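Structure first, then comments.
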Amino acid sequence: AAKAGDDQWRETTSINTSLLVLGTCISALAERGRSHVPFRDSALTRMLQDSLGGNALTTVLATVSPAAVNADETVQTLKFADRARNVMQHAVANEMVVEDSLVGQRKRFQAHIARLTQQIALLKTSARASAAQLGDGEADAALQARLRSLLGENTELRQELRSAQDELRQERERRAQLEGAVTDALRSAGENGGALTPELRDALTALAAGRPATAGPTAGGGGAGG
């Protein structure tokens with residue numbers, strides 16, 4: 001029984017501390033010109049950092065009671081809600097276009113190569129017909145020159161296509177490594193009681209910076225109740 005009481009006391013203390021830090025962060029965000037917001041002072045505010053001060057659309061629900069016995073808590077909750085109302089968020093959709101552009105570029109290269117292949121086939125047919133009619137005349141020489149030009153252009157496009165495919169493969173491998181690192185760090189955070197480890201912060205930072213993938217604005221919410 002004593003152990004259960006101690007656990008409940010520690011849990012209550014932790015909750016109150018997190019709510020106090022949450023109120024401090026909301027006040028700092030609502031205060032114009034203040035650069036430092038103490039998100040790292042509690043696990044709750046650290047998890048809500050992107051929702052409170054990041055690129056997100058956030059809804060805060062404040063629950064109050066009409067009972068007179070809860071008047072103090074109701075007043076504090078309304079004050080918190082008023083401060084939260086003054087926090088301005090400007091969410092912008094995160095769009096990752098690296099992989100999409102590489103895939104589109106590869107498709108354009110393939111279509112261009114197909115067109116060049118058709119033109120080469122037509123030129124070969126025309127060259128054989130001209131050679132049969134004119135022998136080694138000027139028309140045949142012009143067709144041969146055009147054929148060589150198209151063959152050279154076809155080779156260059158094939159090289160560019162291979163380069164684009166290599167870039168696409170490297171981008172996918174890098175993303176897979178970053179996502180694996182995030183998964184490992186999240187597993188480690190779960191084993192440590194939900195605390196964000198430096199590895200998780202680094203992995204999330206690298207994934208956000210290097211993954212320009214299409215993701216919309218995230219949403220999060222917090223509330224205070226009395």
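Each chain of the structure tokens is named A, B, ... in the order shown, its residues numbered from 1; ligands are numbered from 1 in display order.
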>> Show me, as number ranges by chain, the residues that have an atom within 6 Å of region 81-92 of chain A when counting only C-alpha atoms, minus same-chain residues fewer than 4 positions from it.
In response: A: 26, 29-30, 55-56
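Taking CA of Asn16 (chain A) and CA of Thr74 (chain A) as endpoints, the distance between them is 16.0 Å.
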> So what do you get for CA of Leu102 (chain A) versus CA of Leu168 (chain A), distance-wise?
Replying inline: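 Value for the CA of Leu102 (chain A)-CA of Leu168 (chain A) distance: 6.1 Å.
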> Near Gln110 (chain A), counting only C-alpha atoms, which residues have an atom at most 12 Å away, once you skip same-chain residues fewer than 2 positions from it, shown as a ChimeraX atom specification?
Replying inline: /A:103-108,112-117,154,157-162,164-165
> To one decimal place, how far is CA of Leu44 (chain A) from CA of Ser14 (chain A) in Å?
Replying inline: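 Distance reported for this atom pair: 9.9 Å.
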